[in-house]
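For reference, structure-v7.json (JSON, C-alpha atoms and all ligand atoms):
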```json
[["chain", "number", "residue", "atom", "x", "y", "z"],
["R", 1, "MET", "CA", 230.12, 211.83, 96.66],
["R", 2, "SER", "CA", 230.41, 213.03, 93.07],
["R", 3, "ALA", "CA", 227.81, 215.38, 91.67],
["R", 4, "GLN", "CA", 224.89, 213.89, 89.77],
["R", 5, "LEU", "CA", 225.61, 213.42, 86.08],
["R", 6, "ASP", "CA", 224.00, 216.35, 84.30],
["R", 7, "PRO", "CA", 223.34, 215.89, 81.47],
["R", 8, "LEU", "CA", 223.37, 212.10, 81.14],
["R", 9, "PRO", "CA", 226.28, 210.84, 79.06],
["R", 10, "ARG", "CA", 225.94, 209.13, 75.72],
["R", 11, "TYR", "CA", 228.28, 206.33, 74.65],
["R", 12, "ARG", "CA", 229.39, 205.74, 71.08],
["R", 13, "ARG", "CA", 232.26, 203.96, 69.37],
["R", 14, "MET", "CA", 235.46, 205.94, 68.81],
["R", 15, "THR", "CA", 236.44, 206.48, 65.17],
["R", 16, "ALA", "CA", 239.52, 207.89, 63.45],
["R", 17, "GLN", "CA", 237.64, 211.22, 63.21],
["R", 18, "ASP", "CA", 237.78, 211.50, 67.01],
["R", 19, "LEU", "CA", 241.55, 211.28, 67.25],
["R", 20, "ASP", "CA", 242.32, 215.04, 67.11],
["R", 21, "THR", "CA", 239.98, 215.62, 70.06],
["R", 22, "VAL", "CA", 241.13, 212.52, 71.91],
["R", 23, "MET", "CA", 244.79, 213.48, 71.46],
["R", 24, "ALA", "CA", 244.13, 216.99, 72.82],
["R", 25, "ILE", "CA", 242.50, 215.52, 75.95],
["R", 26, "GLU", "CA", 245.20, 212.85, 76.26],
["R", 27, "ALA", "CA", 247.98, 215.48, 76.15],
["R", 28, "ALA", "CA", 246.19, 217.55, 78.79],
["R", 29, "VAL", "CA", 245.51, 214.80, 81.33],
["R", 30, "TYR", "CA", 248.73, 212.72, 81.23],
["R", 31, "PRO", "CA", 252.36, 213.76, 81.68],
["R", 32, "HIS", "CA", 253.22, 210.85, 79.34],
["R", 33, "PRO", "CA", 250.26, 210.56, 76.96],
["R", 34, "TRP", "CA", 249.51, 207.81, 74.49],
["R", 35, "THR", "CA", 250.58, 208.60, 70.93],
["R", 36, "ARG", "CA", 248.15, 208.93, 68.06],
["R", 37, "GLY", "CA", 249.57, 205.63, 66.83],
["R", 38, "ASN", "CA", 248.54, 203.93, 70.08],
["R", 39, "PHE", "CA", 244.93, 204.93, 69.40],
["R", 40, "SER", "CA", 244.94, 204.16, 65.68],
["R", 41, "ASP", "CA", 246.56, 200.78, 66.38],
["R", 42, "SER", "CA", 243.86, 200.09, 68.98],
["R", 43, "LEU", "CA", 241.14, 200.94, 66.45],
["R", 44, "ALA", "CA", 242.82, 198.81, 63.79],
["R", 45, "ALA", "CA", 243.19, 195.90, 66.22],
["R", 46, "GLY", "CA", 239.46, 195.94, 66.89],
["R", 47, "TYR", "CA", 239.83, 196.84, 70.55],
["R", 48, "HIS", "CA", 236.75, 198.24, 72.22],
["R", 49, "CYS", "CA", 237.30, 201.99, 71.85],
["R", 50, "TRP", "CA", 234.44, 204.10, 73.20],
["R", 51, "ILE", "CA", 233.68, 207.78, 73.58],
["R", 52, "MET", "CA", 231.51, 209.23, 76.32],
["R", 53, "GLU", "CA", 229.81, 212.42, 75.17],
["R", 54, "CYS", "CA", 228.18, 215.02, 77.37],
["R", 55, "SER", "CA", 226.20, 217.84, 75.77],
["R", 56, "GLY", "CA", 227.48, 216.65, 72.39],
["R", 57, "ARG", "CA", 231.15, 216.99, 73.42],
["R", 58, "VAL", "CA", 233.78, 214.34, 74.01],
["R", 59, "ALA", "CA", 234.04, 214.24, 77.80],
["R", 60, "ALA", "CA", 235.83, 210.90, 78.28],
["R", 61, "TYR", "CA", 237.00, 207.80, 76.44],
["R", 62, "THR", "CA", 238.22, 204.30, 77.04],
["R", 63, "VAL", "CA", 240.11, 201.52, 75.26],
["R", 64, "VAL", "CA", 239.62, 197.90, 76.32],
["R", 65, "ALA", "CA", 241.03, 194.70, 74.84],
["R", 66, "ILE", "CA", 238.98, 191.57, 75.45],
["R", 67, "ALA", "CA", 240.21, 188.09, 74.49],
["R", 68, "ALA", "CA", 240.14, 184.60, 75.91],
["R", 69, "GLU", "CA", 237.80, 185.52, 78.77],
["R", 70, "GLU", "CA", 240.15, 188.26, 79.91],
["R", 71, "ALA", "CA", 239.63, 192.01, 79.58],
["R", 72, "HIS", "CA", 242.49, 194.48, 79.74],
["R", 73, "LEU", "CA", 241.62, 198.10, 80.45],
["R", 74, "LEU", "CA", 244.23, 199.98, 78.43],
["R", 75, "ASN", "CA", 243.01, 203.56, 78.72],
["R", 76, "LEU", "CA", 240.31, 205.37, 80.68],
["R", 77, "SER", "CA", 240.43, 209.15, 80.66],
["R", 78, "VAL", "CA", 238.12, 212.01, 81.57],
["R", 79, "ALA", "CA", 238.76, 215.48, 80.10],
["R", 80, "GLY", "CA", 239.97, 217.95, 82.72],
["R", 81, "PRO", "CA", 236.86, 220.16, 82.85],
["R", 82, "TRP", "CA", 234.66, 217.10, 83.29],
["R", 83, "GLN", "CA", 236.62, 215.44, 86.09],
["R", 84, "ARG", "CA", 235.18, 214.87, 89.58],
["R", 85, "ARG", "CA", 231.60, 214.79, 88.34],
["R", 86, "GLY", "CA", 231.10, 211.05, 88.38],
["R", 87, "LEU", "CA", 232.02, 210.43, 84.74],
["R", 88, "GLY", "CA", 235.05, 208.26, 85.52],
["R", 89, "ARG", "CA", 232.95, 206.03, 87.75],
["R", 90, "ALA", "CA", 230.18, 205.85, 85.13],
["R", 91, "LEU", "CA", 232.64, 205.04, 82.34],
["R", 92, "LEU", "CA", 234.27, 202.34, 84.45],
["R", 93, "GLY", "CA", 230.81, 200.85, 85.06],
["R", 94, "PHE", "CA", 230.26, 200.86, 81.29],
["R", 95, "VAL", "CA", 233.60, 199.05, 80.81],
["R", 96, "LEU", "CA", 232.73, 196.38, 83.38],
["R", 97, "LYS", "CA", 229.38, 195.73, 81.69],
["R", 98, "LEU", "CA", 231.08, 195.56, 78.29],
["R", 99, "ALA", "CA", 233.63, 193.05, 79.63],
["R", 100, "ARG", "CA", 230.86, 190.89, 81.12],
["R", 101, "ASP", "CA", 228.85, 191.11, 77.89],
["R", 102, "TYR", "CA", 231.89, 189.71, 76.06],
["R", 103, "ALA", "CA", 232.20, 186.90, 78.61],
["R", 104, "ALA", "CA", 235.36, 188.11, 80.33],
["R", 105, "ALA", "CA", 235.91, 186.35, 83.65],
["R", 106, "ARG", "CA", 238.27, 189.04, 84.89],
["R", 107, "ILE", "CA", 239.59, 192.47, 84.02],
["R", 108, "LEU", "CA", 243.15, 193.66, 84.49],
["R", 109, "LEU", "CA", 244.78, 197.06, 84.29],
["R", 110, "GLU", "CA", 248.06, 198.82, 85.02],
["R", 111, "VAL", "CA", 248.15, 202.07, 86.98],
["R", 112, "ARG", "CA", 250.87, 204.32, 88.32],
["R", 113, "PRO", "CA", 251.12, 204.03, 92.10],
["R", 114, "SER", "CA", 251.32, 207.86, 92.12],
["R", 115, "ASN", "CA", 247.91, 208.16, 90.43],
["R", 116, "ILE", "CA", 245.85, 208.68, 93.57],
["R", 117, "ALA", "CA", 242.63, 209.54, 91.72],
["R", 118, "ALA", "CA", 242.69, 206.42, 89.55],
["R", 119, "LEU", "CA", 243.67, 204.16, 92.47],
["R", 120, "ALA", "CA", 240.72, 205.46, 94.49],
["R", 121, "LEU", "CA", 238.36, 204.98, 91.55],
["R", 122, "TYR", "CA", 239.48, 201.38, 90.98],
["R", 123, "ALA", "CA", 239.56, 200.47, 94.67],
["R", 124, "ALA", "CA", 235.99, 201.71, 95.05],
["R", 125, "ALA", "CA", 234.97, 199.40, 92.17],
["R", 126, "GLY", "CA", 236.56, 196.41, 93.94],
["R", 127, "PHE", "CA", 239.86, 196.06, 92.06],
["R", 128, "VAL", "CA", 242.70, 194.51, 94.05],
["R", 129, "GLU", "CA", 246.44, 194.72, 93.43],
["R", 130, "ILE", "CA", 247.88, 191.43, 92.22],
["R", 131, "GLY", "CA", 251.39, 192.49, 91.23],
["R", 132, "VAL", "CA", 253.88, 195.12, 90.18],
["R", 133, "ARG", "CA", 255.55, 195.63, 86.80],
["R", 134, "ARG", "CA", 258.95, 197.19, 87.52],
["R", 135, "GLY", "CA", 259.86, 200.28, 85.50],
["R", 136, "TYR", "CA", 256.77, 199.97, 83.32],
["R", 137, "TYR", "CA", 256.11, 203.69, 82.78],
["R", 138, "PRO", "CA", 258.32, 206.58, 81.67],
["R", 139, "ALA", "CA", 258.60, 209.14, 84.48],
["R", 140, "GLY", "CA", 260.72, 212.29, 84.27],
["R", 141, "ALA", "CA", 264.29, 211.16, 83.77],
["R", 142, "GLY", "CA", 263.62, 207.60, 84.93],
["R", 143, "ARG", "CA", 260.85, 205.03, 85.09],
["R", 144, "GLU", "CA", 257.91, 204.33, 87.40],
["R", 145, "ASP", "CA", 256.53, 200.94, 88.37],
["R", 146, "ALA", "CA", 253.00, 199.92, 87.45],
["R", 147, "ALA", "CA", 250.61, 198.39, 89.93],
["R", 148, "VAL", "CA", 248.66, 195.57, 88.27],
["R", 149, "LEU", "CA", 245.04, 195.51, 89.43],
["R", 150, "GLU", "CA", 242.44, 192.83, 88.89],
["R", 151, "LEU", "CA", 238.69, 192.52, 89.31],
["R", 152, "ALA", "CA", 236.94, 189.17, 89.03],
["R", 153, "LEU", "CA", 233.80, 189.43, 86.89],
["R", 154, "ALA", "CA", 232.36, 185.97, 87.13],
["R", 201, "LIG", "C1", 241.13, 208.96, 87.22],
["R", 201, "LIG", "C2", 239.96, 209.63, 86.48],
["R", 201, "LIG", "C3", 239.53, 208.76, 85.32],
["R", 201, "LIG", "C4", 238.78, 209.78, 87.45],
["R", 201, "LIG", "O1", 237.67, 210.30, 86.72],
["R", 201, "LIG", "P1", 236.65, 211.34, 87.37],
["R", 201, "LIG", "O2", 235.50, 211.50, 86.46],
["R", 201, "LIG", "O3", 237.36, 212.57, 87.76],
["R", 201, "LIG", "O4", 236.22, 210.56, 88.70],
["R", 201, "LIG", "P2", 234.78, 210.52, 89.40],
["R", 201, "LIG", "O5", 234.25, 211.90, 89.55],
["R", 201, "LIG", "O6", 233.92, 209.52, 88.71],
["R", 201, "LIG", "O7", 235.19, 209.99, 90.85],
["R", 201, "LIG", "C5", 235.08, 208.62, 91.19],
["R", 201, "LIG", "C6", 236.01, 208.36, 92.37],
["R", 201, "LIG", "O8", 237.37, 208.44, 91.95],
["R", 201, "LIG", "C7", 238.15, 208.99, 93.01],
["R", 201, "LIG", "N1", 238.74, 210.26, 92.57],
["R", 201, "LIG", "C8", 238.50, 210.91, 91.42],
["R", 201, "LIG", "N2", 239.27, 212.00, 91.34],
["R", 201, "LIG", "C9", 240.01, 212.03, 92.47],
["R", 201, "LIG", "C10", 241.03, 212.91, 92.95],
["R", 201, "LIG", "N3", 241.41, 213.99, 92.25],
["R", 201, "LIG", "N4", 241.61, 212.62, 94.12],
["R", 201, "LIG", "C11", 241.25, 211.53, 94.84],
["R", 201, "LIG", "N5", 240.28, 210.66, 94.43],
["R", 201, "LIG", "C12", 239.68, 210.91, 93.25],
["R", 201, "LIG", "C13", 237.23, 209.20, 94.18],
["R", 201, "LIG", "O9", 237.24, 207.99, 94.95],
["R", 201, "LIG", "C14", 235.91, 209.36, 93.49],
["R", 201, "LIG", "O10", 234.81, 209.05, 94.31],
["R", 201, "LIG", "P3", 234.12, 210.24, 95.19],
["R", 201, "LIG", "O11", 233.75, 211.32, 94.23],
["R", 201, "LIG", "O12", 232.97, 209.55, 95.79],
["R", 201, "LIG", "O13", 235.18, 210.69, 96.16],
["R", 201, "LIG", "C15", 240.34, 211.05, 86.01],
["R", 201, "LIG", "O14", 240.92, 211.76, 87.11],
["R", 201, "LIG", "C16", 241.31, 211.07, 84.85],
["R", 201, "LIG", "O15", 240.91, 210.95, 83.70],
["R", 201, "LIG", "N6", 242.60, 211.25, 85.13],
["R", 201, "LIG", "C17", 243.63, 211.35, 84.09],
["R", 201, "LIG", "C18", 243.77, 210.06, 83.31],
["R", 201, "LIG", "C19", 244.06, 208.87, 84.22],
["R", 201, "LIG", "O16", 244.88, 208.95, 85.12],
["R", 201, "LIG", "N7", 243.36, 207.75, 83.94],
["R", 201, "LIG", "C20", 243.56, 206.51, 84.65],
["R", 201, "LIG", "C21", 244.76, 205.80, 84.14],
["R", 201, "LIG", "S1", 244.96, 204.20, 84.88]]
```
Would you put the structure from the file into structure tokens?
Ligand SMILES: CC(C)(COP(=O)(O)OP(=O)(O)OC[C@H]1O[C@@H](n2cnc3c(N)ncnc32)[C@H](O)[C@@H]1OP(=O)(O)O)[C@@H](O)C(=O)NCCC(=O)NCCS
Amino acid sequence: MSAQLDPLPRYRRMTAQDLDTVMAIEAAVYPHPWTRGNFSDSLAAGYHCWIMECSGRVAAYTVVAIAAEEAHLLNLSVAGPWQRRGLGRALLGFVLKLARDYAAARILLEVRPSNIAALALYAAAGFVEIGVRRGYYPAGAGREDAAVLELALA
């Protein structure tokens, strides 16, 4: 069991002013982080980009694209010091509610098969693997497959 959330998180939309902070977290939590352009493109595209704040600090963030009754979870990250305190689960719950609110019938995501923490988080939420994208991610000198996970929302 994760610890109780203390204090309770606050959700707000991500803006361009958040990108320095988001990029610092992104670089710390991924070996192959998104670029600043990935985030600014997501903001410009009107994707659902949300910040989770705890004690007035950016603790986590997410990027979700929703179109044609399908949601695609593109990024979900918790800052290192805030991990394993239930924030990832809470943020995923927020994403699922958002997707339902925008009438998505299902939500998809890609995840590295080596990402044990994320796989456990998504499995606990009911996601199931529906496919593999070969060589989807950069990894060291080569590439790593992506597992494609799906959760029905209807
Ligand atoms: C994956 C991630 C979002 C989880 O967030 P978190 O706030 O640490 O997770 P929570 O505390 O909410 O834990 C929820 C569940 O996830 C799983 N989990 C989280 N961290 C784990 C770890 N290090 N090892 C194994 N399982 C883990 C557990 O099942 C956990 O439930 P439990 O506490 O009852 O055991 C976070 O580790 C992270 O941001 N990682 C780097 C970015 C990333 O990989 N994002 C996902 C890309 S697809």
Considering all atoms listed in the file, tabulate each residue of chain R that lies at most 8 Å from ligand LIG 201 (chain R) along with its nearest interatomic pair and the corresponding distance in Å to one decimal; arrange the rows by chain and ascending residue number and present them as a tab-separated table.
```
residue	atom	partner	partner_atom	distance
R:Met1	CA	R:LIG201	O12	3.8
R:Ser2	CA	R:LIG201	O11	3.9
R:Ala3	CA	R:LIG201	O5	7.6
R:Glu26	CA	R:LIG201	C18	7.7
R:Val29	CA	R:LIG201	C17	4.8
R:Tyr30	CA	R:LIG201	C18	6.0
R:Ala60	CA	R:LIG201	O15	7.4
R:Leu74	CA	R:LIG201	S1	7.7
R:Asn75	CA	R:LIG201	C21	6.1
R:Leu76	CA	R:LIG201	N7	5.1
R:Ser77	CA	R:LIG201	O15	3.6
R:Val78	CA	R:LIG201	O15	3.7
R:Ala79	CA	R:LIG201	O15	6.2
R:Gly80	CA	R:LIG201	O15	7.1
R:Trp82	CA	R:LIG201	O2	6.5
R:Gln83	CA	R:LIG201	O3	3.4
R:Arg84	CA	R:LIG201	O5	3.1
R:Arg85	CA	R:LIG201	O5	4.1
R:Gly86	CA	R:LIG201	O6	3.2
R:Leu87	CA	R:LIG201	O2	4.0
R:Gly88	CA	R:LIG201	O2	3.4
R:Arg89	CA	R:LIG201	O6	3.7
R:Ala90	CA	R:LIG201	O6	6.3
R:Leu91	CA	R:LIG201	O6	7.9
R:Leu109	CA	R:LIG201	S1	7.2
R:Glu110	CA	R:LIG201	S1	6.2
R:Val111	CA	R:LIG201	S1	4.4
R:Arg112	CA	R:LIG201	S1	6.8
R:Asn115	CA	R:LIG201	O16	6.2
R:Ile116	CA	R:LIG201	C11	5.6
R:Ala117	CA	R:LIG201	C12	3.6
R:Ala118	CA	R:LIG201	C1	3.8
R:Leu119	CA	R:LIG201	C7	7.4
R:Ala120	CA	R:LIG201	O9	4.3
R:Leu121	CA	R:LIG201	O8	3.6
R:Tyr122	CA	R:LIG201	O8	7.4
R:Ala123	CA	R:LIG201	O9	7.9
R:Ala124	CA	R:LIG201	O9	6.4
```
Using all atoms listed in the file, pick whichever of R:Thr15, R:Pro138, R:Ala45, R:Ala65 has the shortest atom-to-atom distance to Ala99 of chain R. R:Ala65
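The interatomic distance for the pair atom CA of Trp50 of chain R and atom CA of Arg12 of chain R works out to 5.7 Å.
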Tell me which of R:Ser114, R:Thr21, R:Thr62, R:Ser55 sits closest to Leu43 of chain R, counting only C-alpha atoms.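 Closest to Leu43 of chain R, using only C-alpha atoms: R:Thr62.
Across the structure, atom CA of Arg36 of chain R and atom CA of Leu19 of chain R are spaced 7.1 Å apart.
Shortest atom-to-atom contact with Val22 of chain R among R:Lys97, R:Arg57, R:His48, R:Arg134: R:Arg57, counting all atoms listed in the file.
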Residue nearest Tyr136 of chain R - candidates R:Ala104, R:Val148, R:Leu92, R:Leu8, atoms counted: all atoms listed in the file: R:Val148
What is the distance, in Å and to one decimal place, between atom CA of Met52 of chain R and atom CA of Ala24 of chain R?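 Spanning atom CA of Met52 of chain R to atom CA of Ala24 of chain R is a straight-line distance of 15.2 Å.
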If you count only C-alpha atoms, which residues fall within 8 Å of Leu96 of chain R, apart from same-chain ones fewer than 4 positions away, as a ChimeraX atom specification? /R:92,100,107,153
Those same residues - C-alpha atoms - I'd like them written as a PDB file, in the coordinates of the input.
```pdb
ATOM      1  CA  LEU R  92     234.270 202.340  84.450  1.00  0.00           C
ATOM      2  CA  ARG R 100     230.860 190.890  81.120  1.00  0.00           C
ATOM      3  CA  ILE R 107     239.590 192.470  84.020  1.00  0.00           C
ATOM      4  CA  LEU R 153     233.800 189.430  86.890  1.00  0.00           C
TER       5      LEU R 153
END
```
